[in-house]
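Source file target-v4.csv; content: CSV, C-alpha atoms.
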chain,number,residue,atom,x,y,z
A,2,MET,CA,0.0,0.0,0.0
A,3,SER,CA,1.8,3.1,-1.2
A,4,ARG,CA,1.8,6.3,0.8
A,5,SER,CA,0.2,8.3,-1.9
A,6,ARG,CA,-2.8,6.0,-2.2
A,7,VAL,CA,-3.4,6.1,1.5
A,8,LEU,CA,-3.2,9.9,1.3
A,9,VAL,CA,-5.7,10.0,-1.5
A,10,VAL,CA,-8.1,7.7,0.4
A,11,LEU,CA,-7.8,9.6,3.7
A,12,ILE,CA,-8.2,13.0,2.1
A,13,GLY,CA,-11.2,11.9,0.0
A,14,ALA,CA,-12.8,10.2,3.0
A,15,ALA,CA,-12.2,13.2,5.4
A,16,GLY,CA,-13.5,15.6,2.8
A,17,LEU,CA,-16.7,13.6,2.2
A,18,ALA,CA,-17.3,13.0,6.0
A,19,ALA,CA,-16.7,16.7,6.7
A,20,ALA,CA,-19.3,17.7,4.0
A,21,LEU,CA,-21.8,15.2,5.5
A,22,VAL,CA,-21.3,16.5,9.0
A,23,ALA,CA,-21.6,20.1,7.8
A,24,ALA,CA,-24.8,19.3,5.9
A,25,SER,CA,-26.2,17.5,9.0
A,26,GLN,CA,-25.6,20.4,11.3
A,27,LEU,CA,-27.0,22.9,8.8
A,28,GLY,CA,-30.0,20.7,8.1
A,29,ALA,CA,-30.7,20.4,11.8
A,30,LEU,CA,-30.6,24.1,12.2
A,31,ASP,CA,-32.9,24.5,9.2
A,32,ARG,CA,-35.5,22.1,10.7
A,33,GLU,CA,-35.3,23.6,14.2
A,34,ALA,CA,-36.0,27.0,12.7
A,35,ALA,CA,-39.2,25.7,11.2
A,36,PRO,CA,-42.4,26.7,13.0
A,37,ALA,CA,-43.1,24.0,15.6
A,38,VAL,CA,-46.0,22.9,17.5
A,39,GLN,CA,-46.3,26.4,18.9
A,40,ALA,CA,-48.1,27.3,15.7
A,41,THR,CA,-50.7,24.6,16.5
A,42,HIS,CA,-51.1,25.8,20.0
A,43,SER,CA,-52.0,29.4,19.1
A,44,SER,CA,-54.1,28.3,16.1
A,45,LEU,CA,-56.7,26.7,18.4
A,46,ALA,CA,-57.9,30.0,19.9
A,47,GLY,CA,-61.6,30.5,19.3
A,48,ILE,CA,-62.3,27.0,18.0
A,49,PRO,CA,-65.1,25.2,19.8
A,50,GLN,CA,-63.9,22.2,21.8
A,51,ARG,CA,-66.4,19.7,23.4
A,52,GLY,CA,-64.9,16.7,25.1
A,53,LEU,CA,-62.6,15.0,22.6
A,54,ALA,CA,-63.8,17.0,19.6
A,55,LEU,CA,-62.4,20.1,18.0
A,56,GLY,CA,-64.7,22.1,15.8
A,57,ALA,CA,-68.4,22.6,15.2
A,58,SER,CA,-70.6,19.5,15.8
A,59,GLY,CA,-72.5,20.3,12.6
A,60,ALA,CA,-69.4,20.0,10.4
A,61,PRO,CA,-70.1,17.8,7.4
A,62,VAL,CA,-66.9,15.7,7.7
A,63,THR,CA,-65.4,14.1,10.8
A,64,LEU,CA,-61.7,13.1,11.2
A,65,VAL,CA,-60.8,10.7,14.0
A,66,GLU,CA,-57.1,10.8,15.1
A,67,TYR,CA,-55.5,8.0,16.9
A,68,ALA,CA,-52.3,9.2,18.6
A,69,ASP,CA,-49.9,8.5,21.4
A,70,LEU,CA,-48.5,11.7,23.0
A,71,GLN,CA,-45.0,10.2,23.0
A,72,CYS,CA,-45.1,9.4,19.3
A,73,PRO,CA,-42.8,11.8,17.4
A,74,TYR,CA,-44.7,11.2,14.2
A,75,CYS,CA,-47.9,12.3,15.9
A,76,ALA,CA,-46.1,15.5,17.0
A,77,GLU,CA,-44.8,16.0,13.5
A,78,TRP,CA,-48.4,15.6,12.1
A,79,SER,CA,-49.6,18.0,14.7
A,80,ALA,CA,-47.0,20.6,13.7
A,81,ARG,CA,-47.2,20.2,10.0
A,82,THR,CA,-50.8,19.4,9.2
A,83,LEU,CA,-53.1,20.2,12.1
A,84,PRO,CA,-52.6,24.0,11.7
A,85,VAL,CA,-53.6,23.8,8.1
A,86,LEU,CA,-56.7,21.7,8.9
A,87,VAL,CA,-57.7,24.0,11.7
A,88,SER,CA,-57.3,27.2,9.7
A,89,ASP,CA,-58.8,26.0,6.4
A,90,TYR,CA,-61.3,23.4,7.4
A,91,VAL,CA,-62.2,23.4,11.2
A,92,ARG,CA,-62.4,27.2,11.6
A,93,THR,CA,-64.6,27.4,8.5
A,94,GLY,CA,-67.0,24.7,9.8
A,95,LYS,CA,-66.1,22.0,7.2
A,96,LEU,CA,-64.3,19.6,9.5
A,97,ARG,CA,-64.5,18.3,13.1
A,98,ILE,CA,-61.6,16.4,14.5
A,99,VAL,CA,-62.0,13.8,17.3
A,100,PHE,CA,-58.9,12.8,19.4
A,101,ARG,CA,-58.6,9.2,20.5
A,102,GLY,CA,-55.5,8.8,22.6
A,103,LEU,CA,-53.6,5.6,22.9
A,104,ALA,CA,-50.9,4.9,25.4
A,105,PHE,CA,-48.9,2.0,24.0
A,106,ILE,CA,-45.4,3.5,24.0
A,107,GLY,CA,-45.1,3.5,27.8
A,108,PRO,CA,-45.8,5.1,31.2
A,109,ASP,CA,-45.3,8.7,30.1
A,110,SER,CA,-47.9,8.1,27.3
A,111,ASP,CA,-50.4,7.1,29.9
A,112,THR,CA,-49.6,10.0,32.3
A,113,ALA,CA,-49.8,12.6,29.5
A,114,LEU,CA,-52.9,11.1,28.0
A,115,ARG,CA,-54.8,11.0,31.3
A,116,THR,CA,-53.8,14.6,31.9
A,117,ALA,CA,-55.1,15.6,28.4
A,118,LEU,CA,-58.3,13.6,28.9
A,119,ALA,CA,-58.8,15.3,32.3
A,120,ALA,CA,-58.7,18.6,30.5
A,121,SER,CA,-61.4,17.5,28.1
A,122,SER,CA,-64.1,18.3,30.7
A,123,ASP,CA,-63.0,21.9,30.6
A,124,GLY,CA,-63.0,22.0,26.8
A,125,ARG,CA,-59.2,22.2,26.7
A,126,LEU,CA,-58.0,18.7,25.5
A,127,TRP,CA,-56.5,20.0,22.3
A,128,ASP,CA,-54.6,22.8,24.0
A,129,VAL,CA,-53.1,20.2,26.5
A,130,VAL,CA,-52.3,17.8,23.7
A,131,ALA,CA,-50.5,20.6,21.8
A,132,GLY,CA,-48.6,21.5,25.0
A,133,PHE,CA,-47.4,17.9,25.4
A,134,TYR,CA,-46.3,17.7,21.8
A,135,LEU,CA,-44.4,20.9,22.1
A,136,ARG,CA,-42.4,19.6,25.1
A,137,GLN,CA,-42.2,15.9,24.0
A,138,GLY,CA,-39.2,14.2,25.5
A,139,ALA,CA,-37.3,11.0,24.9
A,140,GLU,CA,-39.6,8.0,25.3
A,141,ASN,CA,-40.3,6.9,28.8
A,142,THR,CA,-37.7,9.0,30.5
A,143,GLY,CA,-40.1,10.4,32.9
A,144,TRP,CA,-40.4,13.6,31.0
A,145,VAL,CA,-44.1,14.1,32.0
A,146,THR,CA,-43.2,15.6,35.3
A,147,ASP,CA,-45.5,17.6,37.6
A,148,ASP,CA,-43.7,20.8,36.6
A,149,LEU,CA,-44.2,20.1,33.0
A,150,VAL,CA,-47.9,19.3,33.6
A,151,ASP,CA,-48.2,22.6,35.5
A,152,ASP,CA,-46.7,24.5,32.5
A,153,VAL,CA,-48.9,22.8,30.0
A,154,ALA,CA,-52.0,23.4,32.2
A,155,ALA,CA,-51.1,27.0,32.8
A,156,GLU,CA,-50.8,27.6,29.0
A,157,ALA,CA,-54.2,26.1,28.5
A,158,GLY,CA,-55.6,28.3,31.3
A,159,LEU,CA,-56.1,25.3,33.7
A,160,ASP,CA,-54.9,24.3,37.1
A,161,GLY,CA,-52.2,21.6,37.1
A,162,ASP,CA,-53.3,20.2,40.5
A,163,ARG,CA,-56.9,19.8,39.3
A,164,LEU,CA,-55.7,17.9,36.2
A,165,ARG,CA,-53.5,15.6,38.3
A,166,ASP,CA,-56.4,14.9,40.6
A,167,ALA,CA,-58.7,14.1,37.8
A,168,ARG,CA,-56.2,11.8,36.0
A,169,ASP,CA,-57.3,8.6,37.8
A,170,GLU,CA,-61.0,9.2,37.8
A,171,PRO,CA,-63.1,6.3,36.4
A,172,TRP,CA,-64.4,8.2,33.4
A,173,VAL,CA,-60.8,9.0,32.3
A,174,THR,CA,-59.9,5.3,32.6
A,175,ALA,CA,-63.1,4.4,30.7
A,176,GLU,CA,-62.2,6.7,27.8
A,177,LEU,CA,-58.7,5.2,27.6
A,178,ARG,CA,-60.3,1.7,27.3
A,179,ASP,CA,-62.9,3.0,24.8
A,180,ALA,CA,-60.2,4.5,22.6
A,181,GLN,CA,-58.1,1.3,22.6
A,182,ALA,CA,-61.2,-0.7,21.8
A,183,ALA,CA,-62.1,1.6,18.9
A,184,ALA,CA,-58.5,1.5,17.6
A,185,ASP,CA,-58.5,-2.3,17.7
A,186,ALA,CA,-61.9,-2.4,15.9
A,187,ALA,CA,-60.7,0.0,13.3
A,188,GLY,CA,-57.5,-2.0,12.6
A,189,VAL,CA,-55.2,0.7,13.8
A,190,ARG,CA,-51.6,-0.7,13.8
A,191,ALA,CA,-49.6,2.5,14.2
A,192,THR,CA,-49.8,6.1,15.3
A,193,PRO,CA,-50.8,8.5,14.0
A,194,SER,CA,-53.7,6.8,12.3
A,195,PHE,CA,-56.9,8.4,11.0
A,196,GLN,CA,-60.4,7.5,10.2
A,197,LEU,CA,-62.4,9.8,8.0
A,198,GLY,CA,-66.0,10.0,7.0
A,199,ARG,CA,-69.1,12.1,6.6
A,200,THR,CA,-70.4,13.1,10.1
A,201,GLY,CA,-72.9,10.5,11.3
A,202,GLU,CA,-71.6,7.8,8.9
A,203,PRO,CA,-69.1,5.1,9.8
A,204,PRO,CA,-65.6,6.5,9.1
A,205,GLU,CA,-63.0,4.6,7.1
A,206,LEU,CA,-59.4,4.0,8.1
A,207,LEU,CA,-57.0,6.1,6.0
A,208,GLN,CA,-53.7,5.0,4.6
A,209,LEU,CA,-51.5,8.1,4.8
A,210,ARG,CA,-48.7,8.5,2.3
A,211,SER,CA,-47.3,11.6,4.1
A,212,LEU,CA,-47.5,13.3,7.4
A,213,GLY,CA,-47.8,16.7,5.6
A,214,PRO,CA,-51.1,18.3,4.6
A,215,GLU,CA,-50.8,16.7,1.2
A,216,GLY,CA,-51.3,13.3,2.9
A,217,ILE,CA,-54.8,13.9,4.1
A,218,LEU,CA,-56.3,17.0,2.3
A,219,PRO,CA,-57.3,15.1,-0.9
A,220,ALA,CA,-59.4,12.6,1.1
A,221,ILE,CA,-61.1,15.5,3.0
A,222,ASP,CA,-61.7,17.5,-0.2
A,223,ALA,CA,-63.2,14.4,-1.8
A,224,LEU,CA,-65.8,14.1,0.9
A,225,LEU,CA,-66.6,17.8,0.9
A,226,ARG,CA,-67.4,17.7,-2.8
A,227,PRO,CA,-71.2,17.8,-3.5
B,20,MET,CA,-7.7,-12.5,4.1
B,21,SER,CA,-7.8,-13.0,0.4
B,22,GLU,CA,-9.2,-10.4,-2.0
B,23,ARG,CA,-12.0,-12.7,-2.8
B,24,ALA,CA,-13.0,-13.4,0.8
B,25,ASN,CA,-12.7,-9.7,1.6
B,26,ARG,CA,-15.1,-8.8,-1.3
B,27,ILE,CA,-17.6,-11.5,-0.3
B,28,ALA,CA,-17.6,-10.2,3.3
B,29,SER,CA,-17.9,-6.6,2.2
B,30,ALA,CA,-20.8,-7.4,-0.1
B,31,ALA,CA,-22.6,-9.3,2.7
B,32,LEU,CA,-22.1,-6.4,5.1
B,33,ALA,CA,-23.3,-3.9,2.5
B,34,LEU,CA,-26.4,-6.0,1.9
B,35,VAL,CA,-27.1,-6.0,5.7
B,36,GLY,CA,-26.8,-2.2,5.5
B,37,VAL,CA,-29.2,-2.0,2.6
B,38,GLY,CA,-31.6,-4.1,4.6
B,39,ILE,CA,-31.4,-1.8,7.7
B,40,THR,CA,-31.7,1.5,5.8
B,41,GLY,CA,-34.4,0.0,3.6
B,42,TYR,CA,-36.4,-0.9,6.7
B,43,LEU,CA,-36.0,2.5,8.2
B,44,LEU,CA,-37.1,4.2,5.0
B,45,SER,CA,-40.1,1.9,4.5
B,46,VAL,CA,-41.3,2.5,8.1
B,47,ARG,CA,-40.8,6.2,7.6
B,48,ALA,CA,-42.9,6.1,4.4
B,49,SER,CA,-45.7,4.1,5.9
B,50,GLY,CA,-45.8,6.0,9.2
B,51,ALA,CA,-45.7,2.7,11.1
B,52,THR,CA,-43.9,2.3,14.4
B,53,LEU,CA,-40.3,1.0,14.4
B,54,SER,CA,-39.5,-2.2,16.1
B,55,CYS,CA,-37.2,-1.1,18.9
B,56,THR,CA,-35.7,-2.4,22.1
B,57,SER,CA,-33.9,0.7,23.3
B,58,GLY,CA,-37.1,2.8,23.2
B,59,GLY,CA,-35.3,5.7,21.4
B,60,CYS,CA,-35.8,4.8,17.8
B,61,GLU,CA,-38.8,7.0,17.1
B,62,THR,CA,-37.1,9.9,18.9
B,63,VAL,CA,-33.9,9.6,16.9
B,64,GLN,CA,-35.7,9.0,13.6
B,65,SER,CA,-37.9,12.1,14.0
B,66,SER,CA,-35.2,14.3,15.4
B,67,SER,CA,-33.9,17.3,13.5
B,68,TYR,CA,-30.8,15.2,12.7
B,69,SER,CA,-32.8,12.5,10.9
B,70,GLU,CA,-32.9,14.5,7.7
B,71,MET,CA,-30.6,16.8,5.7
B,72,PHE,CA,-32.5,19.4,3.8
B,73,GLY,CA,-35.4,17.1,3.3
B,74,VAL,CA,-33.4,14.0,2.5
B,75,PRO,CA,-33.6,11.3,5.2
B,76,VAL,CA,-30.2,10.2,6.6
B,77,ALA,CA,-31.4,6.6,6.0
B,78,ALA,CA,-31.7,7.4,2.3
B,79,LEU,CA,-28.1,8.6,2.2
B,80,GLY,CA,-27.1,5.5,4.1
B,81,LEU,CA,-28.9,3.3,1.5
B,82,GLY,CA,-27.1,5.1,-1.3
B,83,ALA,CA,-23.7,4.6,0.4
B,84,TYR,CA,-24.4,0.9,1.0
B,85,VAL,CA,-25.4,0.5,-2.7
B,86,VAL,CA,-22.1,2.1,-3.7
B,87,LEU,CA,-20.1,-0.1,-1.3
B,88,LEU,CA,-21.9,-3.2,-2.6
B,89,THR,CA,-21.0,-2.2,-6.1
B,90,ALA,CA,-17.4,-1.6,-5.1
B,91,ALA,CA,-17.3,-5.0,-3.4
B,92,LEU,CA,-18.5,-6.7,-6.5
B,93,ALA,CA,-16.2,-4.8,-8.9
B,94,HIS,CA,-12.6,-5.5,-9.6
B,95,GLY,CA,-9.8,-3.0,-10.1
B,96,GLU,CA,-8.1,0.0,-8.5
B,97,LEU,CA,-11.1,2.3,-8.8
B,98,ALA,CA,-13.3,0.0,-6.9
B,99,ARG,CA,-10.7,-0.5,-4.2
B,100,LEU,CA,-10.0,3.3,-3.8
B,101,GLY,CA,-13.6,4.4,-4.2
B,102,GLY,CA,-14.8,1.8,-1.8
B,103,ALA,CA,-12.3,2.8,0.8
B,104,VAL,CA,-13.1,6.5,0.5
B,105,VAL,CA,-16.9,5.9,0.9
B,106,ALA,CA,-16.4,3.3,3.6
B,107,LEU,CA,-14.1,5.5,5.7
B,108,ALA,CA,-16.3,8.5,5.2
B,109,ALA,CA,-19.4,6.4,6.2
B,110,PHE,CA,-17.5,5.2,9.3
B,111,ALA,CA,-16.6,8.8,10.3
B,112,PHE,CA,-20.1,10.0,9.7
B,113,SER,CA,-21.5,7.1,11.7
B,114,ALA,CA,-19.2,8.0,14.6
B,115,TYR,CA,-20.6,11.6,14.4
B,116,LEU,CA,-24.2,10.3,14.4
B,117,VAL,CA,-23.4,8.2,17.6
B,118,VAL,CA,-22.2,11.4,19.3
B,119,VAL,CA,-25.3,13.2,18.1
B,120,GLN,CA,-27.6,10.4,19.5
B,121,VAL,CA,-25.8,10.3,22.9
B,122,PHE,CA,-25.1,14.0,23.5
B,123,LEU,CA,-27.6,16.0,21.4
B,124,ILE,CA,-30.7,13.8,21.1
B,125,GLY,CA,-30.3,11.9,24.3
B,126,ALA,CA,-31.7,8.7,22.9
B,127,LEU,CA,-30.3,5.7,21.1
B,128,CYS,CA,-31.7,3.9,18.1
B,129,ASP,CA,-31.1,0.2,17.7
B,130,TRP,CA,-31.2,0.3,13.9
B,131,CYS,CA,-28.8,3.3,13.7
B,132,LEU,CA,-26.3,1.5,16.0
B,133,ALA,CA,-26.6,-1.7,13.9
B,134,SER,CA,-25.8,0.4,10.8
B,135,ASP,CA,-22.9,2.0,12.6
B,136,ALA,CA,-21.5,-1.5,13.4
B,137,VAL,CA,-21.9,-2.4,9.7
B,138,THR,CA,-20.0,0.7,8.5
B,139,THR,CA,-17.3,0.0,11.0
B,140,GLY,CA,-16.9,-3.5,9.5
B,141,LEU,CA,-17.0,-2.2,6.0
B,142,ALA,CA,-14.3,0.4,6.7
B,143,ALA,CA,-12.0,-2.2,8.2
B,144,LEU,CA,-12.5,-4.5,5.2
B,145,ALA,CA,-11.9,-1.7,2.8
B,146,LEU,CA,-8.6,-0.9,4.5
B,147,LEU,CA,-7.6,-4.5,4.5
B,148,ARG,CA,-8.4,-4.7,0.8
B,149,LEU,CA,-6.4,-1.6,0.0
B,150,ARG,CA,-3.5,-2.9,2.0
B,151,ALA,CA,-3.5,-6.3,0.4
B,152,SER,CA,-3.7,-5.1,-3.1
B,153,PRO,CA,-0.4,-4.5,-5.1
B,154,PRO,CA,0.2,-0.8,-5.9
B,155,PRO,CA,-0.4,-0.1,-9.6
B,156,ALA,CA,2.7,-0.6,-11.9
B,157,ALA,CA,4.5,2.7,-12.5
B,158,PRO,CA,5.7,3.4,-16.0
B,159,GLU,CA,9.3,3.1,-15.0
B,160,ARG,CA,8.7,-0.3,-13.5
B,161,GLN,CA,7.0,-1.4,-16.6
B,162,LEU,CA,10.0,-0.3,-18.6
B,163,HIS,CA,12.3,-2.1,-16.2
B,164,ALA,CA,10.3,-5.2,-16.8
B,165,GLU,CA,10.4,-4.7,-20.5
B,166,ASN,CA,14.1,-4.1,-20.3
B,167,ALA,CA,14.6,-7.3,-18.3
B,168,ALA,CA,12.7,-9.2,-20.9
B,169,SER,CA,14.7,-7.5,-23.6
B,170,ARG,CA,18.0,-8.2,-21.9
B,171,SER,CA,17.0,-11.7,-21.4
B,172,ALA,CA,16.3,-12.1,-25.1
B,173,SER,CA,19.6,-10.3,-26.0
B,174,SER,CA,21.7,-12.3,-23.7
B,175,SER,CA,20.5,-15.4,-25.4
B,176,SER,CA,22.3,-14.1,-28.5
B,177,SER,CA,25.3,-13.0,-26.3
B,178,ALA,CA,24.8,-9.3,-27.4
B,179,ARG,CA,24.0,-7.1,-24.4
B,180,ALA,CA,22.7,-3.7,-25.7
B,181,PRO,CA,24.0,-0.5,-24.1
B,182,ARG,CA,21.5,1.5,-22.2
B,183,GLY,CA,20.6,5.2,-22.3
B,184,ARG,CA,18.5,7.4,-19.9
B,185,ARG,CA,15.6,9.4,-21.0
B,186,ALA,CA,15.0,12.9,-19.6
B,187,ASN,CA,12.1,11.6,-17.5
B,188,GLY,CA,14.5,9.2,-15.8
B,189,SER,CA,13.2,6.0,-17.3
B,190,ILE,CA,15.6,3.6,-18.9
B,191,ARG,CA,15.4,2.4,-22.4
B,192,THR,CA,17.4,0.2,-24.6
B,193,ARG,CA,19.3,1.5,-27.6
B,194,PRO,CA,17.8,0.2,-30.7
B,195,SER,CA,20.1,-2.4,-32.1
B,196,SER,CA,21.5,-1.6,-35.5
Full structure transcribed into structure tokens:
Amino acid sequence: MSRSRVLVVLIGAAGLAAALVAASQLGALDREAAPAVQATHSSLAGIPQRGLALGASGAPVTLVEYADLQCPYCAEWSARTLPVLVSDYVRTGKLRIVFRGLAFIGPDSDTALRTALAASSDGRLWDVVAGFYLRQGAENTGWVTDDLVDDVAAEAGLDGDRLRDARDEPWVTAELRDAQAAADAAGVRATPSFQLGRTGEPPELLQLRSLGPEGILPAIDALLRP
Amino acid sequence: MSERANRIASAALALVGVGITGYLLSVRASGATLSCTSGGCETVQSSSYSEMFGVPVAALGLGAYVVLLTAALAHGELARLGGAVVALAAFAFSAYLVVVQVFLIGALCDWCLASDAVTTGLAALALLRLRASPPPAAPERQLHAENAASRSASSSSSARAPRGRRANGSIRTRPSS
């Protein structure tokens, strides 16, 4: 192995690796600069919330979302697509979205979900869900702390102690079971998963090709066509 | 390790890499949940480091493994040098991604670590292949070889030709008259 060949290989590999590292760092900065879940959070202002549902009960189309609050793809969908749905479809009365929370990733999923469900009695489930997505930590590291719950609750205009007290109430546990049963019946295998249909009719499970708005808007538009 | 054994091992490892990155990409496309024992796969795969300007890192990895597979199957100096460059760069980038997982994301992804192990093996094999291969024959050596053959032919007729030196330092035989 001649010295010049080693030099050529080392210089080539070092240059390629340096370019990749630089692209990775710049790409990460680029993605972090993108509007995050905060956009979702503020976009909920003024939208009617009743229990698990977001939007007017008379909306012609209903979307059911199955999500785990520790699922990063759910957070990504919430950041990329939900704001578009809220501004263009829910706020205009065309769409109603129902949240069915699952807690299959682990204990933090269960704690966060129970907290969100507890907020549903105050019509603030979607605000609390957005707050958890905004602060989502590494899976099952105990990131759903009391302090974090206090922050999420305060942002939603609620009291953290009250939400914690309500987390173990029977109706919260019942909703957890109902959501899991509905997911099983619908054939949900991953999160986020969605069922879509005309309000009052049985919804169908969607096969999403993308977590961006382009993944779901065509199906909604198709149902809205006369 | 023989050149043939090295190439077979490299091709096998590259295929493993293709499988890992293909799985990561298919799960990403379908939105399904990754099979994961460490619990951090989803976190890593959805972090801001999982893409570079819209291109998933797994897709880059798949491209690199395909190049390394091609280099393993091909003969010649270009395959050896090109394979070594890509394998060493992949190894260095994998080391960087491990640092990112541990210190910046705070979670480990099984599939990423498996891919890192594969790139480490491929880099070691590429270096071994490079080391075991003979350096390409330089023009001067070729002429030496030709001279030796020529001298051998001349000596058989007991007429050793005098030698001259070119400006570039190579040696040639004087044309016999």
Counting all atoms listed in the file, which residues of chain A sit at most 10 Å from some atom of chain B, and what is each one's closest atom pair with its distance in Å to one decimal, listed by chain and rising residue number, as CSV?
residue,atom,partner,partner_atom,distance
A:Met2,CA,B:Arg150,CA,5.0
A:Ser3,CA,B:Pro154,CA,6.3
A:Arg4,CA,B:Pro154,CA,9.9
A:Ser5,CA,B:Pro154,CA,9.9
A:Arg6,CA,B:Leu100,CA,7.9
A:Val7,CA,B:Leu149,CA,8.4
A:Val9,CA,B:Leu100,CA,8.3
A:Val10,CA,B:Val104,CA,5.1
A:Leu11,CA,B:Val104,CA,6.9
A:Ile12,CA,B:Val104,CA,8.3
A:Gly13,CA,B:Val104,CA,5.7
A:Ala14,CA,B:Ala108,CA,4.5
A:Ala15,CA,B:Ala108,CA,6.2
A:Gly16,CA,B:Ala108,CA,8.0
A:Leu17,CA,B:Ala108,CA,5.9
A:Ala18,CA,B:Ala108,CA,4.7
A:Ala19,CA,B:Phe112,CA,8.1
A:Ala20,CA,B:Phe112,CA,9.6
A:Leu21,CA,B:Phe112,CA,6.9
A:Val22,CA,B:Phe112,CA,6.6
A:Ala23,CA,B:Met71,CA,9.8
A:Ala24,CA,B:Met71,CA,6.3
A:Ser25,CA,B:Met71,CA,5.5
A:Gln26,CA,B:Tyr68,CA,7.5
A:Leu27,CA,B:Met71,CA,7.7
A:Gly28,CA,B:Met71,CA,4.6
A:Ala29,CA,B:Ser67,CA,4.8
A:Leu30,CA,B:Ser67,CA,7.7
A:Asp31,CA,B:Phe72,CA,7.4
A:Arg32,CA,B:Ser67,CA,5.8
A:Glu33,CA,B:Ser67,CA,6.5
A:Ala34,CA,B:Ser67,CA,10.0
A:Gln71,CA,B:Thr62,CA,8.9
A:Cys72,CA,B:Glu61,CA,7.1
A:Pro73,CA,B:Ser65,CA,6.0
A:Tyr74,CA,B:Ser65,CA,6.9
A:Cys75,CA,B:Gly50,CA,9.4
A:Ala76,CA,B:Ser65,CA,9.4
A:Glu77,CA,B:Ser65,CA,7.9
A:Ile106,CA,B:Gly58,CA,8.4
A:Gly107,CA,B:Gly58,CA,9.3
A:Gln137,CA,B:Thr62,CA,9.4
A:Gly138,CA,B:Thr62,CA,8.2
A:Ala139,CA,B:Thr62,CA,6.1
A:Glu140,CA,B:Gly58,CA,6.1
A:Asn141,CA,B:Gly58,CA,7.6
A:Thr142,CA,B:Gly58,CA,9.6
A:Arg190,CA,B:Ala51,CA,7.3
A:Ala191,CA,B:Ala51,CA,5.0
A:Thr192,CA,B:Ala51,CA,6.8
A:Pro193,CA,B:Gly50,CA,7.4
A:Ser194,CA,B:Gly50,CA,8.5
A:Gln208,CA,B:Ser49,CA,8.2
A:Leu209,CA,B:Ser49,CA,7.1
A:Arg210,CA,B:Ser49,CA,6.4
A:Ser211,CA,B:Ala48,CA,7.0
A:Leu212,CA,B:Gly50,CA,7.7
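Checking A:Val91, A:Leu164, A:Leu96, A:Leu206 one by one against Ala120 in chain A, counting all atoms listed in the file, you find the shortest gap at A:Leu164.
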What is the CA of Asp109 in chain A to CA of Arg81 in chain A distance in Å?
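Separation of CA of Asp109 in chain A and CA of Arg81 in chain A: 23.2 Å.
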Expressed in Å to a single decimal, how great is the separation between CA of Ala77 in chain B and CA of Leu44 in chain B?
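About the pair CA of Ala77 in chain B and CA of Leu44 in chain B: they are 6.3 Å apart.
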Tell me which residues come within 12 Å of (-66.2, 9.7, 31.4), as a VMD selection string, counting only C-alpha atoms in the file's coordinates.
chain A and resid 52 to 53 115 118 to 122 167 to 180
Just write the chosen residues, C-alpha atoms, as a PDB file, in the frame of the given file.
ATOM      1  CA  GLY A  52     -64.900  16.700  25.100  1.00  0.00           C
ATOM      2  CA  LEU A  53     -62.600  15.000  22.600  1.00  0.00           C
ATOM      3  CA  ARG A 115     -54.800  11.000  31.300  1.00  0.00           C
ATOM      4  CA  LEU A 118     -58.300  13.600  28.900  1.00  0.00           C
ATOM      5  CA  ALA A 119     -58.800  15.300  32.300  1.00  0.00           C
ATOM      6  CA  ALA A 120     -58.700  18.600  30.500  1.00  0.00           C
ATOM      7  CA  SER A 121     -61.400  17.500  28.100  1.00  0.00           C
ATOM      8  CA  SER A 122     -64.100  18.300  30.700  1.00  0.00           C
ATOM      9  CA  ALA A 167     -58.700  14.100  37.800  1.00  0.00           C
ATOM     10  CA  ARG A 168     -56.200  11.800  36.000  1.00  0.00           C
ATOM     11  CA  ASP A 169     -57.300   8.600  37.800  1.00  0.00           C
ATOM     12  CA  GLU A 170     -61.000   9.200  37.800  1.00  0.00           C
ATOM     13  CA  PRO A 171     -63.100   6.300  36.400  1.00  0.00           C
ATOM     14  CA  TRP A 172     -64.400   8.200  33.400  1.00  0.00           C
ATOM     15  CA  VAL A 173     -60.800   9.000  32.300  1.00  0.00           C
ATOM     16  CA  THR A 174     -59.900   5.300  32.600  1.00  0.00           C
ATOM     17  CA  ALA A 175     -63.100   4.400  30.700  1.00  0.00           C
ATOM     18  CA  GLU A 176     -62.200   6.700  27.800  1.00  0.00           C
ATOM     19  CA  LEU A 177     -58.700   5.200  27.600  1.00  0.00           C
ATOM     20  CA  ARG A 178     -60.300   1.700  27.300  1.00  0.00           C
ATOM     21  CA  ASP A 179     -62.900   3.000  24.800  1.00  0.00           C
ATOM     22  CA  ALA A 180     -60.200   4.500  22.600  1.00  0.00           C
TER      23      ALA A 180
END
Find the spatial neighbours of Arg101 in chain A, counting only C-alpha atoms, within a cut-off of 7 Å - ignore same-chain residues fewer than 5 positions away - and output them as an mmCIF file with C-alpha atoms, in the coordinates of the input.
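The resulting out-v3.cif:
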data_model
loop_
_atom_site.group_PDB
_atom_site.id
_atom_site.type_symbol
_atom_site.label_atom_id
_atom_site.label_comp_id
_atom_site.auth_asym_id
_atom_site.auth_seq_id
_atom_site.Cartn_x
_atom_site.Cartn_y
_atom_site.Cartn_z
ATOM 1 C CA GLU A 66 -57.100 10.800 15.100
ATOM 2 C CA TYR A 67 -55.500 8.000 16.900
ATOM 3 C CA ALA A 68 -52.300 9.200 18.600
ATOM 4 C CA ALA A 180 -60.200 4.500 22.600
#
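Note that the spacing between CA of Ala157 in chain A and CA of Asp128 in chain A amounts to 5.6 Å.
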Selection: 7 Å around Gln196 in chain A, all atoms listed in the file, excl. self and same-chain fewer than 6 positions, as an MDAnalysis selection string
chainID A and resid 64:66 204:207
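Each of B:Tyr84, B:Val121, B:Leu92, B:Ser54 was compared to Ser134 in chain B using all atoms listed in the file, and B:Tyr84 turns out to be the nearest.
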